Amino acid sequence: MVIILGFLFGSVLGSFAKAIADRSLSQRSFGGRSYCSHCKKTLRWYDLFPILSYLILRGRCRYCHTLIGLDYPLTEVILGFIMALFLSQTTVQFTDSADPFKITLFIMGLIFNIFVIVVLYIVALTDIRKMLIPDRVILPSIGIGFIALLVIYLTKYLLFPVWLTVEPFVRSVAAGLGIGLFFATLIIITKGRGMGGGDVKLGAFIGLSLGFPNSLVALMLAFLTGAIVSIFLILFKRKHFGQTIPFGPFLVLGSYISLLWGRQIVDWYLRLSI
Ligand SMILES: [Zn+2]
């Protein structure tokens with residue numbers, strides 16, 4: 001049940017993320033109704049059902065019958081799967097607590113993580129298409145993320161006024177600053193090859209929202225998957241060495257894996273090093 005609802009919810013968010021990604025790349029306003037990019041006709045509410053509308057209209061615009069790209073339903077399906085996976089995992093962690101404060105905190109944390117997943121998804125979409133992480137998306141997200149975390153941890157502190165309660169918040173802010181600075185240093189050393197200013201802001205966002213040590217896990221996974229894909233691209237002569245492929249999507253992939261299995265990965269790593 002959670003899986004089906006999570007999938008539907010995720011596909012709606014996927015449709016939303018695609019709209020924001022497209023609009024931020026074409027400098028259009030985030031508000032206003034969606035329209036067909038070919039005939040400019042405003043789409044009706046029944047044209048906007050994720051996946052379903054695409055299937056019913058057989059991938060064409062209802063009005064001018066121009067083919068709609070397969071990327072629309074694909075974007076929706078992928079975020080649907082991610083959200084189904086995330087929600088089914090998170091709700092398992094939530095044991096039968098009747099404490100209203102604990103439930104409130106759980107819901108706040110859940111909404112925060114959904115926000116993080118959607119922001120990362122938008123960034124991955126724009127970075128894959130245009131190798132660009134729009135300031136219009138990532139800067140407000142860092143601001144909103146910071147304020148949201150502040151509110152969550154202040155609430156926790158009011159309930160349990162000990163240092164231990166706010167320690168993760170301090171670690172999150174430190175991780176955000178740390179990763180941002182680390183990427184900025186890499187850019188200076190490599191003279192801007194391989195990484196751009198967008199990655200600095202994305203790194204800061206990931207550090208802030210995943211905290212420590214999960215953001216570090218995300219970073220490791222990003223470098224690992226990025227290296228593997230680069231080697232394959234070079235082997236199959238799709239790219240020359242040093243030719244840039246966007247790093248953002250790997251950071252997003254690493255963050256998703258870390259959000260889903262971060263704790264297990266850290267446990268596994270700690271057991272290895274003992
Ligand atoms: Zn049309």
# chains A, B, ... in the order shown; residues from 1 in each chain; ligands from 1
>>> residues_around(residues="Asn113 in chain A", least_positions_apart="2", cutoff="10 Å", atoms="only C-alpha atoms", output="number ranges by chain")
A: 86, 107-111, 115-119, 145, 209-210, 259
>>> residues_near_ligand(ligand="ligand 1", cutoff="6 Å", atoms="only C-alpha atoms and all ligand atoms", output="list in words")
Cys36, His38, Cys39, Cys61, Tyr63, Cys64 and Thr66 of chain A
>>> write_last_selection(atoms="N, CA, C and O atoms", output="short mmCIF file (atom, residue, chain, number, x, y, z; two decimals), in the first residue's frame")
data_model
loop_
_atom_site.label_atom_id
_atom_site.label_comp_id
_atom_site.auth_asym_id
_atom_site.auth_seq_id
_atom_site.Cartn_x
_atom_site.Cartn_y
_atom_site.Cartn_z
N CYS A 36 1.75 23.42 -24.10
CA CYS A 36 2.46 22.62 -25.08
C CYS A 36 3.57 23.47 -25.68
O CYS A 36 3.33 24.60 -26.09
N HIS A 38 4.95 23.20 -28.40
CA HIS A 38 4.83 23.34 -29.85
C HIS A 38 3.70 24.31 -30.23
O HIS A 38 3.93 25.32 -30.88
N CYS A 39 2.47 24.00 -29.79
CA CYS A 39 1.34 24.85 -30.19
C CYS A 39 1.00 25.91 -29.15
O CYS A 39 0.12 26.74 -29.37
N CYS A 61 0.46 15.55 -28.07
CA CYS A 61 -0.29 16.69 -27.56
C CYS A 61 -1.75 16.52 -27.99
O CYS A 61 -2.03 16.17 -29.14
N TYR A 63 -3.90 18.70 -28.61
CA TYR A 63 -4.39 19.74 -29.51
C TYR A 63 -3.70 19.73 -30.87
O TYR A 63 -4.36 19.81 -31.89
N CYS A 64 -2.35 19.64 -30.87
CA CYS A 64 -1.67 19.72 -32.17
C CYS A 64 -1.06 18.37 -32.57
O CYS A 64 -0.48 18.24 -33.64
N THR A 66 1.53 16.88 -31.76
CA THR A 66 2.99 16.74 -31.80
C THR A 66 3.42 15.70 -30.77
O THR A 66 2.81 15.61 -29.70
#
>>> residues_around(residues="Leu120 in chain A", least_positions_apart="2", cutoff="10 Å", atoms="only C-alpha atoms", output="ChimeraX atom specification")
/A:17,114-118,122-125,137-138,141,202,205-206,248-249,251-253,255-256
>>> residues_around(residues="Gly59 in chain A", least_positions_apart="3", cutoff="12 Å", atoms="only C-alpha atoms", output="VMD selection string")
chain A and resid 47 50 to 56 62 64 to 74
>>> residues_around(residues="Phe183 in chain A", least_positions_apart="6", cutoff="10 Å", atoms="only C-alpha atoms", output="list in words")
Ile189, Met195, Gly196, Gly197, Gly198, Asp199, Val200, Lys201, Leu202, Gly203 and Ala204 of chain A
>>> select_by_dssp(residues="range 36-154 of chain A", states="helix (DSSP H, G or I)", output="number ranges by chain")
A: 45-47, 52-56, 71-93, 100-130, 135-154
>>> residues_around(residues="Thr126 in chain A", least_positions_apart="5", cutoff="7 Å", atoms="only C-alpha atoms", output="CSV table (one decimal) with N, CA, C and O atoms, in the first residue's frame")
chain,number,residue,atom,x,y,z
A,21,ALA,N,12.5,22.2,-13.6
A,21,ALA,CA,13.8,22.0,-14.3
A,21,ALA,C,13.8,22.7,-15.7
A,21,ALA,O,14.7,23.5,-16.0
A,25,LEU,N,15.7,26.3,-16.8
A,25,LEU,CA,16.7,26.3,-18.0
A,25,LEU,C,16.3,27.3,-19.0
A,25,LEU,O,17.2,27.9,-19.7
A,131,MET,N,24.3,20.7,-18.4
A,131,MET,CA,25.4,20.8,-17.5
A,131,MET,C,25.4,22.1,-16.7
A,131,MET,O,26.4,22.8,-16.7
A,132,LEU,N,24.2,22.3,-16.1
A,132,LEU,CA,24.0,23.6,-15.4
A,132,LEU,C,23.2,23.3,-14.1
A,132,LEU,O,22.3,22.5,-14.2
A,133,ILE,N,23.6,23.9,-13.0
A,133,ILE,CA,22.8,23.8,-11.8
A,133,ILE,C,22.4,25.2,-11.5
A,133,ILE,O,23.1,26.1,-11.1
>>> closest_residue(among="A:Arg58, A:Gly207, A:Phe212, A:Ile228", to="Ile179 in chain A", atoms="only C-alpha atoms")
A:Gly207
>>> residues_around(residues="Phe223 in chain A", least_positions_apart="6", cutoff="9 Å", atoms="only C-alpha atoms", output="VMD selection string")
chain A and resid 247 250 to 251 254
